[in-house]
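Data file: upload.txt. Format and content: compact mmCIF, C-alpha atoms.
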# COMPACT_ATOMS: atom_id res chain seq x y z
CA MET A 1 -27.10 -138.90 23.40
CA SER A 2 -24.24 -140.15 21.25
CA THR A 3 -21.47 -142.74 21.34
CA PHE A 4 -17.96 -141.58 20.63
CA GLU A 5 -14.35 -142.56 21.16
CA GLN A 6 -11.45 -140.33 22.21
CA GLY A 7 -7.97 -140.87 20.78
CA ARG A 8 -4.91 -141.50 22.92
CA VAL A 9 -3.21 -138.37 24.24
CA ALA A 10 0.57 -138.27 24.53
CA PRO A 11 2.14 -137.06 27.80
CA ILE A 12 2.56 -133.27 27.61
CA ILE A 13 5.17 -131.10 29.35
CA SER A 14 4.35 -127.38 29.23
CA GLY A 15 5.90 -124.16 30.46
CA PRO A 16 9.17 -122.22 30.56
CA GLY A 17 12.14 -124.56 30.97
CA SER A 18 10.28 -127.61 29.63
CA LEU A 19 12.93 -128.16 26.98
CA GLU A 20 15.67 -128.54 29.60
CA SER A 21 13.91 -131.63 30.99
CA LEU A 22 14.17 -133.48 27.67
CA PRO A 23 17.53 -135.30 28.18
CA ALA A 24 16.32 -136.90 31.40
CA ARG A 25 13.33 -138.39 29.57
CA LEU A 26 15.19 -140.07 26.72
CA SER A 27 15.92 -143.25 28.68
CA ALA A 28 12.21 -144.14 28.58
CA PHE A 29 12.41 -144.80 24.82
CA ALA A 30 15.11 -147.50 24.66
CA ALA A 31 16.63 -145.71 21.67
CA LYS A 32 20.25 -145.85 20.50
CA SER A 33 20.12 -142.89 18.10
CA ILE A 34 18.07 -139.77 17.34
CA LEU A 35 16.89 -138.16 14.14
CA LEU A 36 16.09 -134.50 14.84
CA VAL A 37 13.69 -133.22 12.17
CA SER A 38 13.51 -129.44 11.85
CA ASP A 39 13.48 -126.57 9.34
CA GLN A 40 15.87 -123.91 8.10
CA GLY A 41 14.28 -121.21 10.23
CA MET A 42 15.11 -123.14 13.39
CA VAL A 43 18.63 -123.73 12.10
CA ASN A 44 19.08 -120.00 11.46
CA SER A 45 17.71 -119.09 14.90
CA GLY A 46 20.25 -121.36 16.61
CA TRP A 47 17.63 -123.59 18.20
CA VAL A 48 18.60 -126.68 16.23
CA ALA A 49 22.18 -126.43 17.50
CA LYS A 50 20.97 -125.88 21.08
CA VAL A 51 18.61 -128.85 21.00
CA GLN A 52 21.18 -131.06 19.28
CA ALA A 53 23.68 -130.22 22.03
CA LEU A 54 21.08 -131.18 24.67
CA LEU A 55 20.39 -134.50 22.96
CA ASP A 56 23.99 -135.34 22.08
CA SER A 57 24.75 -135.48 25.78
CA GLN A 58 22.63 -138.64 25.86
CA LEU A 59 22.48 -140.16 22.36
CA PRO A 60 24.13 -139.54 18.96
CA THR A 61 21.88 -137.09 17.12
CA ASN A 62 21.50 -136.70 13.36
CA VAL A 63 19.69 -133.69 11.88
CA PHE A 64 17.25 -133.71 8.96
CA VAL A 65 16.33 -130.21 7.74
CA ALA A 66 13.03 -130.04 5.87
CA PRO A 67 12.76 -127.66 2.91
CA ALA A 68 10.72 -124.46 3.26
CA GLY A 69 7.00 -124.59 2.52
CA GLU A 70 4.39 -127.17 3.38
CA PRO A 71 5.35 -130.87 3.65
CA LYS A 72 5.95 -132.83 0.47
CA VAL A 73 5.82 -136.57 -0.17
CA ALA A 74 9.37 -136.55 -1.57
CA THR A 75 10.70 -134.94 1.63
CA VAL A 76 9.08 -137.60 3.81
CA ASN A 77 10.57 -140.37 1.65
CA GLU A 78 14.00 -138.78 1.95
CA GLY A 79 13.73 -138.56 5.72
CA ALA A 80 12.40 -142.10 5.97
CA ALA A 81 15.46 -143.42 4.13
CA GLN A 82 17.69 -141.60 6.60
CA VAL A 83 15.91 -142.89 9.72
CA ARG A 84 15.89 -146.49 8.46
CA ALA A 85 19.69 -146.38 8.39
CA LEU A 86 19.88 -145.59 12.12
CA GLU A 87 20.04 -148.11 14.95
CA GLN A 88 16.91 -148.12 17.18
CA PRO A 89 16.00 -144.54 16.29
CA LEU A 90 13.97 -141.98 18.17
CA VAL A 91 12.47 -139.25 15.96
CA ILE A 92 12.17 -135.75 17.41
CA GLY A 93 10.26 -133.04 15.53
CA LEU A 94 11.28 -129.44 16.23
CA GLY A 95 9.46 -126.71 14.34
CA GLY A 96 6.09 -125.63 12.99
CA GLY A 97 3.43 -127.83 11.45
CA THR A 98 5.63 -128.71 8.46
CA ALA A 99 8.50 -130.11 10.52
CA LEU A 100 6.18 -131.91 12.93
CA ASP A 101 4.07 -133.54 10.21
CA ILE A 102 7.22 -134.70 8.43
CA ALA A 103 8.67 -136.04 11.69
CA LYS A 104 5.48 -137.96 12.53
CA LEU A 105 5.41 -139.56 9.08
CA ILE A 106 9.12 -140.41 9.20
CA ALA A 107 8.57 -142.15 12.54
CA ALA A 108 5.75 -144.22 11.04
CA LEU A 109 7.73 -145.09 7.90
CA ALA A 110 10.81 -146.03 9.94
CA VAL A 111 9.53 -149.58 10.28
CA CYS A 112 7.86 -149.73 6.85
CA GLN A 113 9.60 -150.32 3.54
CA ARG A 114 6.91 -148.79 1.35
CA PRO A 115 7.04 -145.15 0.16
CA MET A 116 4.84 -142.38 1.52
CA GLU A 117 2.69 -142.47 -1.61
CA ASP A 118 1.26 -145.81 -0.44
CA TYR A 119 -0.18 -144.29 2.75
CA LEU A 120 -1.90 -141.17 1.42
CA LEU A 121 -5.65 -140.90 2.18
CA CYS A 122 -5.39 -144.04 4.34
CA ALA A 123 -4.69 -146.23 1.30
CA ASN A 124 -2.78 -148.75 3.47
CA PRO A 125 -2.25 -149.35 7.21
CA TYR A 126 1.13 -148.60 8.76
CA ALA A 127 3.21 -151.51 10.04
CA GLY A 128 4.10 -149.77 13.28
CA LYS A 129 6.39 -146.88 14.21
CA CYS A 130 9.52 -145.89 16.05
CA PRO A 131 9.10 -143.66 19.14
CA SER A 132 8.69 -139.94 18.56
CA ILE A 133 8.71 -136.65 20.47
CA MET A 134 7.17 -133.45 19.12
CA ILE A 135 8.35 -129.94 20.08
CA PRO A 136 6.25 -127.23 18.37
CA THR A 137 7.79 -123.83 17.71
CA THR A 138 4.62 -122.20 16.35
CA SER A 139 1.22 -122.09 18.02
CA GLY A 140 -1.33 -123.07 15.43
CA THR A 141 -1.50 -126.50 13.86
CA GLY A 142 -1.72 -128.65 16.97
CA SER A 143 0.17 -131.25 14.94
CA GLU A 144 2.07 -132.26 18.07
CA VAL A 145 -0.99 -134.14 19.36
CA THR A 146 -2.89 -135.22 16.24
CA ARG A 147 -3.07 -138.45 14.25
CA THR A 148 -3.29 -136.49 11.00
CA CYS A 149 -0.64 -135.02 8.69
CA VAL A 150 -1.11 -132.84 5.63
CA LEU A 151 1.31 -132.96 2.67
CA SER A 152 1.50 -132.36 -1.06
CA ASN A 153 2.12 -135.01 -3.69
CA ALA A 154 4.24 -134.65 -6.84
CA GLU A 155 1.33 -132.96 -8.66
CA GLY A 156 0.96 -130.35 -5.93
CA ARG A 157 -2.33 -131.68 -4.57
CA LYS A 158 -2.73 -131.07 -0.85
CA LEU A 159 -3.55 -134.48 0.64
CA TRP A 160 -3.64 -136.03 4.10
CA ALA A 161 -2.46 -139.08 5.96
CA TRP A 162 -3.98 -140.53 9.12
CA GLY A 163 -3.19 -143.31 11.56
CA GLU A 164 -2.81 -144.16 15.24
CA GLU A 165 0.90 -144.56 14.50
CA LEU A 166 1.16 -140.81 13.91
CA THR A 167 0.40 -140.08 17.57
CA PRO A 168 3.67 -139.01 19.24
CA ASP A 169 4.93 -140.48 22.50
CA LEU A 170 5.79 -137.18 24.21
CA VAL A 171 5.00 -133.50 23.59
CA VAL A 172 7.13 -130.62 24.88
CA LEU A 173 5.56 -127.13 24.92
CA GLU A 174 8.35 -124.62 25.49
CA PRO A 175 7.02 -121.05 25.04
CA ALA A 176 10.50 -119.58 24.58
CA LEU A 177 10.71 -121.40 21.24
CA THR A 178 7.92 -119.21 19.85
CA ALA A 179 9.30 -115.87 21.03
CA THR A 180 11.18 -115.12 17.80
CA LEU A 181 8.13 -115.61 15.53
CA PRO A 182 7.32 -112.49 13.50
CA ALA A 183 4.06 -110.76 14.41
CA ALA A 184 2.30 -111.83 11.21
CA LEU A 185 3.21 -115.49 11.71
CA THR A 186 2.18 -115.34 15.36
CA ALA A 187 -1.19 -113.94 14.29
CA ALA A 188 -1.82 -116.39 11.44
CA THR A 189 -0.89 -119.49 13.45
CA GLY A 190 -2.90 -118.36 16.48
CA LEU A 191 -5.94 -117.80 14.27
CA ASP A 192 -5.45 -121.28 12.84
CA ALA A 193 -5.69 -122.68 16.37
CA MET A 194 -8.87 -120.72 17.08
CA ILE A 195 -10.48 -121.92 13.85
CA HIS A 196 -9.53 -125.52 14.63
CA ALA A 197 -11.34 -125.19 17.95
CA LEU A 198 -14.38 -123.44 16.50
CA GLU A 199 -14.87 -125.98 13.71
CA ALA A 200 -14.39 -128.90 16.11
CA VAL A 201 -16.93 -127.66 18.66
CA THR A 202 -19.59 -126.76 16.06
CA GLY A 203 -19.04 -129.66 13.64
CA GLN A 204 -20.96 -132.87 13.07
CA ARG A 205 -18.67 -135.00 15.26
CA SER A 206 -18.50 -132.68 18.25
CA ASN A 207 -19.13 -134.06 21.73
CA ASN A 208 -18.77 -132.95 25.35
CA LEU A 209 -15.12 -133.94 25.65
CA VAL A 210 -14.26 -132.14 22.43
CA ALA A 211 -16.16 -129.07 23.62
CA ALA A 212 -14.15 -128.92 26.84
CA SER A 213 -10.82 -128.55 25.06
CA ALA A 214 -12.15 -126.55 22.10
CA LEU A 215 -13.91 -123.88 24.14
CA GLN A 216 -10.91 -123.41 26.40
CA ALA A 217 -8.71 -123.07 23.32
CA ILE A 218 -10.96 -120.33 21.92
CA ARG A 219 -10.91 -118.47 25.24
CA GLN A 220 -7.14 -118.56 25.45
CA VAL A 221 -6.61 -117.40 21.87
CA VAL A 222 -9.05 -114.51 22.27
CA GLN A 223 -7.45 -113.46 25.56
CA ALA A 224 -3.76 -113.95 24.75
CA LEU A 225 -3.16 -113.75 20.99
CA PRO A 226 -3.35 -109.93 20.73
CA THR A 227 -0.74 -109.64 23.50
CA ALA A 228 1.48 -112.31 21.93
CA VAL A 229 1.39 -110.39 18.63
CA ALA A 230 2.08 -107.01 20.23
CA GLU A 231 4.64 -108.18 22.81
CA PRO A 232 6.84 -110.94 21.31
CA GLY A 233 8.76 -111.46 24.54
CA ASN A 234 5.66 -111.97 26.70
CA LEU A 235 6.15 -115.66 27.52
CA SER A 236 2.95 -115.83 29.56
CA ALA A 237 0.88 -114.88 26.51
CA ARG A 238 3.01 -117.15 24.33
CA GLN A 239 2.35 -120.08 26.65
CA GLN A 240 -1.39 -119.38 26.64
CA VAL A 241 -1.52 -119.46 22.84
CA GLN A 242 0.79 -122.49 22.64
CA GLU A 243 -1.45 -124.44 25.01
CA ALA A 244 -4.52 -123.26 23.09
CA ALA A 245 -3.07 -124.69 19.88
CA CYS A 246 -2.46 -127.99 21.66
CA LEU A 247 -6.00 -128.06 23.06
CA ALA A 248 -7.41 -127.25 19.63
CA GLY A 249 -5.28 -130.03 18.16
CA LEU A 250 -6.84 -132.48 20.61
CA ALA A 251 -10.27 -131.20 19.57
CA ILE A 252 -9.79 -131.67 15.83
CA ASP A 253 -8.09 -135.02 16.36
CA ASN A 254 -11.38 -136.28 17.75
CA ALA A 255 -13.95 -134.14 15.91
CA GLY A 256 -12.32 -133.02 12.66
CA THR A 257 -12.58 -129.66 10.91
CA GLY A 258 -15.11 -128.02 8.59
CA ILE A 259 -15.68 -125.79 5.61
CA ALA A 260 -12.99 -123.24 6.50
CA HIS A 261 -10.45 -126.04 6.21
CA ASN A 262 -12.07 -127.34 3.04
CA ILE A 263 -11.59 -123.89 1.52
CA GLY A 264 -8.17 -123.50 3.12
CA HIS A 265 -6.86 -126.73 1.63
CA ALA A 266 -8.15 -125.71 -1.80
CA LEU A 267 -6.39 -122.33 -1.47
CA GLY A 268 -3.23 -124.12 -0.42
CA THR A 269 -3.34 -126.47 -3.39
CA LEU A 270 -4.09 -123.78 -5.97
CA TYR A 271 -2.21 -120.75 -4.65
CA HIS A 272 0.15 -122.12 -1.96
CA LEU A 273 -1.25 -119.75 0.64
CA PRO A 274 0.07 -120.50 4.14
CA HIS A 275 -2.38 -122.65 6.05
CA GLY A 276 -3.27 -120.18 8.82
CA ILE A 277 -4.02 -117.46 6.29
CA ALA A 278 -6.00 -119.80 4.04
CA VAL A 279 -8.32 -121.14 6.74
CA THR A 280 -8.89 -117.66 8.14
CA LEU A 281 -10.04 -116.52 4.70
CA GLY A 282 -12.22 -119.62 4.55
CA LEU A 283 -13.94 -118.76 7.81
CA GLN A 284 -14.39 -115.11 6.81
CA ALA A 285 -16.16 -116.31 3.67
CA ALA A 286 -18.32 -118.99 5.30
CA LEU A 287 -19.13 -117.85 8.84
CA ASN A 288 -22.39 -116.00 8.11
CA TRP A 289 -23.54 -118.90 5.91
CA ASN A 290 -22.61 -121.39 8.65
CA LEU A 291 -24.65 -119.52 11.23
CA THR A 292 -27.89 -119.43 9.24
CA GLY A 293 -30.19 -121.96 10.85
CA HIS A 294 -27.46 -123.17 13.22
CA GLU A 295 -27.11 -120.30 15.68
CA GLU A 296 -27.50 -122.62 18.68
CA ARG A 297 -24.31 -124.49 17.72
CA TYR A 298 -22.34 -121.26 18.23
CA ALA A 299 -23.91 -120.24 21.55
CA ASP A 300 -21.06 -121.49 23.76
CA ALA A 301 -18.27 -120.50 21.37
CA VAL A 302 -19.41 -116.88 21.01
CA ARG A 303 -19.39 -116.46 24.79
CA CYS A 304 -15.65 -117.23 24.71
CA PHE A 305 -15.31 -113.90 22.89
CA ARG A 306 -17.63 -111.99 25.24
CA ALA A 307 -19.58 -113.42 28.16
CA ASP A 308 -22.92 -111.87 27.17
CA ALA A 309 -22.56 -112.27 23.39
CA GLU A 310 -25.21 -113.88 21.19
CA ALA A 311 -24.47 -116.24 18.31
CA ARG A 312 -25.50 -113.68 15.67
CA GLU A 313 -22.59 -111.51 16.85
CA MET A 314 -19.95 -114.11 16.01
CA PRO A 315 -18.95 -112.65 12.59
CA LYS A 316 -18.54 -109.17 14.09
CA LEU A 317 -16.47 -110.49 17.01
CA PHE A 318 -14.32 -112.60 14.71
CA GLU A 319 -13.61 -109.60 12.47
CA ALA A 320 -12.73 -107.56 15.57
CA LEU A 321 -10.16 -110.20 16.56
CA LEU A 322 -8.70 -110.11 13.04
CA ALA A 323 -8.32 -106.35 13.30
CA GLU A 324 -6.78 -106.58 16.78
CA VAL A 325 -4.03 -108.97 15.60
CA ASN A 326 -3.59 -107.09 12.29
CA PHE A 327 -4.52 -109.97 10.01
CA ALA A 328 -4.34 -107.55 7.08
CA ALA A 329 -0.54 -107.54 7.46
CA CYS A 330 -0.52 -111.33 7.03
CA LEU A 331 -2.23 -110.94 3.65
CA THR A 332 -0.01 -108.20 2.20
CA PRO A 333 2.68 -110.41 0.58
CA PHE A 334 0.05 -112.49 -1.21
CA LEU A 335 -2.45 -109.90 -2.43
CA PRO A 336 -1.07 -109.73 -6.00
CA LEU A 337 -2.61 -113.20 -6.49
CA GLN A 338 -5.83 -113.35 -8.50
CA LEU A 339 -8.24 -116.02 -7.29
CA ASP A 340 -10.41 -117.97 -9.72
CA ALA A 341 -13.81 -118.98 -8.32
CA GLU A 342 -14.29 -121.84 -10.80
CA ALA A 343 -10.90 -123.39 -10.03
CA LEU A 344 -11.57 -122.97 -6.33
CA LEU A 345 -14.99 -124.60 -6.64
CA GLU A 346 -13.52 -127.63 -8.38
CA CYS A 347 -10.78 -128.04 -5.78
CA MET A 348 -13.18 -127.62 -2.85
CA GLN A 349 -15.18 -130.56 -4.23
CA ALA A 350 -12.12 -132.79 -4.76
CA SER A 351 -12.29 -136.12 -2.95
CA GLU A 352 -9.52 -135.26 -0.48
CA ASN A 353 -11.39 -132.13 0.65
CA LEU A 354 -14.95 -133.46 0.89
CA PRO A 355 -14.59 -135.02 4.39
CA MET A 356 -14.03 -131.55 5.84
CA ALA A 357 -17.13 -130.13 4.16
CA ASN A 358 -19.21 -133.13 5.21
CA ASN A 359 -18.20 -132.57 8.84
CA ASN A 360 -19.13 -128.89 8.80
CA VAL A 361 -21.94 -127.50 10.96
CA ARG A 362 -23.82 -126.84 7.70
CA ILE A 363 -23.09 -129.21 4.82
CA PRO A 364 -23.04 -127.53 1.41
CA SER A 365 -25.02 -128.87 -1.52
CA GLY A 366 -25.95 -127.78 -5.04
CA GLU A 367 -25.37 -124.10 -5.74
CA GLU A 368 -24.19 -123.50 -2.17
CA TRP A 369 -20.76 -124.71 -3.27
CA ARG A 370 -20.57 -122.01 -5.92
CA PHE A 371 -21.84 -119.40 -3.46
CA LEU A 372 -19.02 -120.25 -1.05
CA ALA A 373 -16.34 -120.20 -3.76
CA ASN A 374 -17.59 -116.80 -4.92
CA ARG A 375 -17.60 -115.55 -1.32
CA VAL A 376 -13.93 -116.44 -0.94
CA VAL A 377 -13.10 -114.41 -4.03
CA GLU A 378 -15.18 -111.50 -2.72
CA VAL A 379 -13.35 -111.55 0.62
CA TRP A 380 -10.03 -111.63 -1.21
CA GLN A 381 -10.94 -108.76 -3.52
CA LEU A 382 -12.11 -106.67 -0.56
CA ALA A 383 -8.70 -107.20 1.08
CA GLN A 384 -7.02 -106.12 -2.16
CA ARG A 385 -9.09 -102.91 -2.30
CA GLN A 386 -8.37 -102.13 1.34
CA GLU A 387 -4.65 -102.62 0.75
CA GLN A 388 -4.73 -100.28 -2.24
CA ALA A 389 -6.60 -97.65 -0.24
CA ALA A 390 -4.22 -97.81 2.72
File written out as structure tokens:
Amino acid sequence: MSTFEQGRVAPIISGPGSLESLPARLSAFAAKSILLVSDQGMVNSGWVAKVQALLDSQLPTNVFVAPAGEPKVATVNEGAAQVRALEQPLVIGLGGGTALDIAKLIAALAVCQRPMEDYLLCANPYAGKCPSIMIPTTSGTGSEVTRTCVLSNAEGRKLWAWGEELTPDLVVLEPALTATLPAALTAATGLDAMIHALEAVTGQRSNNLVAASALQAIRQVVQALPTAVAEPGNLSARQQVQEAACLAGLAIDNAGTGIAHNIGHALGTLYHLPHGIAVTLGLQAALNWNLTGHEERYADAVRCFRADAEAREMPKLFEALLAEVNFAACLTPFLPLQLDAEALLECMQASENLPMANNNVRIPSGEEWRFLANRVVEVWQLAQRQEQAA
């Protein structure tokens, strides 16, 4: 038996047409202005203009467009300066994990006068927040429901911020927003959601409530992600994966992640690999090692892949899913990179990445760290050889 605490969950609206209900809900926030935080992709797709038109019918709406790539401290500070100039603002995040993490941090900094640098790695408590709504347009990070944000500092280190103030006040899951995602991005973000769920349910802080959301997330990704990749306009599959990402976000918000994310954050810091790709590589490298001596922790998760599966089959079933969603195509643009095992080892053991390793189902020690770093390089080199042979 164990004692645990679940975090607060924001109200969630899900399904086709959910976005249209947004204007009617704005009155609950007592706001006088809106800062819509998004990204250039959503601007180019026309969604920013559509959402701004919806919101402008109720409140004056300003737009803050985040630069491409993962969130940066400087971007958050710029957005915070903009929101502080507004009267009684409501922050709305529209986009993938980058836009949502930036929006959550801007909402927290709206009532603080200190820069983002002062809140990295929980260095200081927030002074409060302005209300916020999160509208994800990818199905992977689960950022719309978590109290955690990931961002890079001026030196390029991938760090994190955490706080109750980062919990949004409303989440809108509109599957139509994900329909224009390219196949490779659909695959990589969906795999990210599955890995969130798997690491949460097998990790040190797992519990029955975490397992409920995590296992359902795994089931939905396994069942729906291949269809979402193959049939971009299939909104039923899109909704299944979008809800899976949200469920997995709830799981990691309460149970954390593990070694795949430790490796993934190191790959992001060193080589700027997109998060979904990086954590998938991390799990490919570590899954067999994780299982050794801990097969029972995977017993429920593996049955989400196949009802009669045994834990020892997890690596094979995971690789089959990767093949089904064509993960190899996600890697192609990045394969010219040459990974350095020593640099990776050092970054995996950096202070900001250790909490993920220490929450893993199997906690590395001694030469196991070097083994894992070498395994990542081996997985990468195998992908390079397969690409050359294709």
Contact residues around stretch 153-170 of chain A with all atoms listed in the file at 9 Å, ignoring same-chain residues under 6 positions, as a ChimeraX atom specification: /A:7-13,29,72-74,101,104-105,107-108,117,119-123,125-135,144-147,265-266,268-270,352-353
Output as a Markdown table one row per residue of stretch 285-340 of chain A within 8 Å of stretch 221-229 of chain A: the closest atom pair and its distance in Å to one decimal place, counting only C-alpha atoms, sorted by chain and residue number ascending.
| residue | atom | partner | partner_atom | distance |
| --- | --- | --- | --- | --- |
| A:Cys304 | CA | A:Val222 | CA | 7.5 |
| A:Phe305 | CA | A:Val222 | CA | 6.3 |
| A:Leu321 | CA | A:Val222 | CA | 7.2 |
| A:Glu324 | CA | A:Pro226 | CA | 6.2 |
| A:Val325 | CA | A:Pro226 | CA | 5.3 |
One decimal, Å: what's the distance from atom CA of A:Leu36 over to atom CA of A:Gln82, could you say?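 That distance, rounded to one decimal, is 11.0 Å.
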Rounded to one decimal place, report the atom CA of A:Arg370-atom CA of A:Glu342 distance in Å.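 Atom CA of A:Arg370 sits 8.0 Å away from atom CA of A:Glu342.
Counting from atom CA of A:Ala31, the distance to atom CA of A:Val91 is 9.6 Å.
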Find the residues near A:Gly256: any atom within 9 Å, counting only C-alpha atoms, skip ones fewer than 3 places away on the same chain, and give them as an mmCIF file with C-alpha atoms, in the coordinates of the input.
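Output saved as part.cif:
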data_model
loop_
_atom_site.group_PDB
_atom_site.id
_atom_site.type_symbol
_atom_site.label_atom_id
_atom_site.label_comp_id
_atom_site.auth_asym_id
_atom_site.auth_seq_id
_atom_site.Cartn_x
_atom_site.Cartn_y
_atom_site.Cartn_z
ATOM 1 C CA HIS A 196 -9.530 -125.520 14.630
ATOM 2 C CA GLU A 199 -14.870 -125.980 13.710
ATOM 3 C CA ALA A 200 -14.390 -128.900 16.110
ATOM 4 C CA GLY A 203 -19.040 -129.660 13.640
ATOM 5 C CA GLN A 204 -20.960 -132.870 13.070
ATOM 6 C CA ARG A 205 -18.670 -135.000 15.260
ATOM 7 C CA SER A 206 -18.500 -132.680 18.250
ATOM 8 C CA ALA A 251 -10.270 -131.200 19.570
ATOM 9 C CA ILE A 252 -9.790 -131.670 15.830
ATOM 10 C CA ASP A 253 -8.090 -135.020 16.360
ATOM 11 C CA PRO A 355 -14.590 -135.020 4.390
ATOM 12 C CA MET A 356 -14.030 -131.550 5.840
ATOM 13 C CA ASN A 359 -18.200 -132.570 8.840
ATOM 14 C CA ASN A 360 -19.130 -128.890 8.800
#
Nearest to A:Ala103: which of A:Ser38, A:Asn124, A:Gln242, A:Thr141 is it, counting only C-alpha atoms?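 Of A:Ser38, A:Asn124, A:Gln242, A:Thr141, the one nearest A:Ala103 is A:Ser38, counting only C-alpha atoms.
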Taking 6 positions as the minimum chain separation for residues in the same chain, which residues sit within 12 Å of A:Phe318 when counting only C-alpha atoms? Answer as an NGL selection string. :A and (191 or 194-195 or 198 or 218 or 221-222 or 280-281 or 283-285 or 287-288 or 301-306 or 309 or 311-312 or 324-325 or 327)
Might you pull out every residue within 12 Å of A:Val43, with all atoms listed in the file counted and same-chain residues fewer than 2 positions away left off, and present them as a count of residues only? 22
Counting only C-alpha atoms, the option among A:Ala28, A:Val361, A:Leu177, A:Ala53 closest to A:Ile259: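 Closest candidate: A:Val361.
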Atoms are missing here; could stretch 191-204 of chain A be completed with N, CA and C atoms and written as a PDB file, keeping the file's coordinate frame?
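Saved to result.pdb:
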ATOM      1  N   LEU A 191      -4.596-117.738  14.858  1.00  0.00           N
ATOM      2  CA  LEU A 191      -5.940-117.800  14.270  1.00  0.00           C
ATOM      3  C   LEU A 191      -6.263-119.202  13.786  1.00  0.00           C
ATOM      4  N   ASP A 192      -5.273-119.889  13.255  1.00  0.00           N
ATOM      5  CA  ASP A 192      -5.450-121.280  12.840  1.00  0.00           C
ATOM      6  C   ASP A 192      -5.927-122.123  14.020  1.00  0.00           C
ATOM      7  N   ALA A 193      -5.287-121.932  15.178  1.00  0.00           N
ATOM      8  CA  ALA A 193      -5.690-122.680  16.370  1.00  0.00           C
ATOM      9  C   ALA A 193      -7.129-122.377  16.757  1.00  0.00           C
ATOM     10  N   MET A 194      -7.506-121.098  16.722  1.00  0.00           N
ATOM     11  CA  MET A 194      -8.870-120.720  17.080  1.00  0.00           C
ATOM     12  C   MET A 194      -9.885-121.342  16.131  1.00  0.00           C
ATOM     13  N   ILE A 195      -9.553-121.365  14.840  1.00  0.00           N
ATOM     14  CA  ILE A 195     -10.480-121.920  13.850  1.00  0.00           C
ATOM     15  C   ILE A 195     -10.567-123.438  13.996  1.00  0.00           C
ATOM     16  N   HIS A 196      -9.463-124.090  14.310  1.00  0.00           N
ATOM     17  CA  HIS A 196      -9.530-125.520  14.630  1.00  0.00           C
ATOM     18  C   HIS A 196     -10.569-125.759  15.725  1.00  0.00           C
ATOM     19  N   ALA A 197     -10.445-124.995  16.801  1.00  0.00           N
ATOM     20  CA  ALA A 197     -11.340-125.190  17.950  1.00  0.00           C
ATOM     21  C   ALA A 197     -12.789-124.903  17.586  1.00  0.00           C
ATOM     22  N   LEU A 198     -13.014-123.822  16.851  1.00  0.00           N
ATOM     23  CA  LEU A 198     -14.380-123.440  16.500  1.00  0.00           C
ATOM     24  C   LEU A 198     -15.034-124.479  15.589  1.00  0.00           C
ATOM     25  N   GLU A 199     -14.287-124.987  14.605  1.00  0.00           N
ATOM     26  CA  GLU A 199     -14.870-125.980  13.710  1.00  0.00           C
ATOM     27  C   GLU A 199     -15.087-127.319  14.422  1.00  0.00           C
ATOM     28  N   ALA A 200     -14.212-127.641  15.369  1.00  0.00           N
ATOM     29  CA  ALA A 200     -14.390-128.900  16.110  1.00  0.00           C
ATOM     30  C   ALA A 200     -15.632-128.849  16.989  1.00  0.00           C
ATOM     31  N   VAL A 201     -15.835-127.728  17.694  1.00  0.00           N
ATOM     32  CA  VAL A 201     -16.930-127.660  18.660  1.00  0.00           C
ATOM     33  C   VAL A 201     -18.285-127.482  17.978  1.00  0.00           C
ATOM     34  N   THR A 202     -18.311-126.950  16.749  1.00  0.00           N
ATOM     35  CA  THR A 202     -19.590-126.760  16.060  1.00  0.00           C
ATOM     36  C   THR A 202     -19.872-127.846  15.024  1.00  0.00           C
ATOM     37  N   GLY A 203     -18.909-128.704  14.730  1.00  0.00           N
ATOM     38  CA  GLY A 203     -19.040-129.660  13.640  1.00  0.00           C
ATOM     39  C   GLY A 203     -19.913-130.860  13.959  1.00  0.00           C
ATOM     40  N   GLN A 204     -20.084-131.701  12.967  1.00  0.00           N
ATOM     41  CA  GLN A 204     -20.960-132.870  13.070  1.00  0.00           C
ATOM     42  C   GLN A 204     -20.509-133.872  14.125  1.00  0.00           C
TER      43      GLN A 204
END
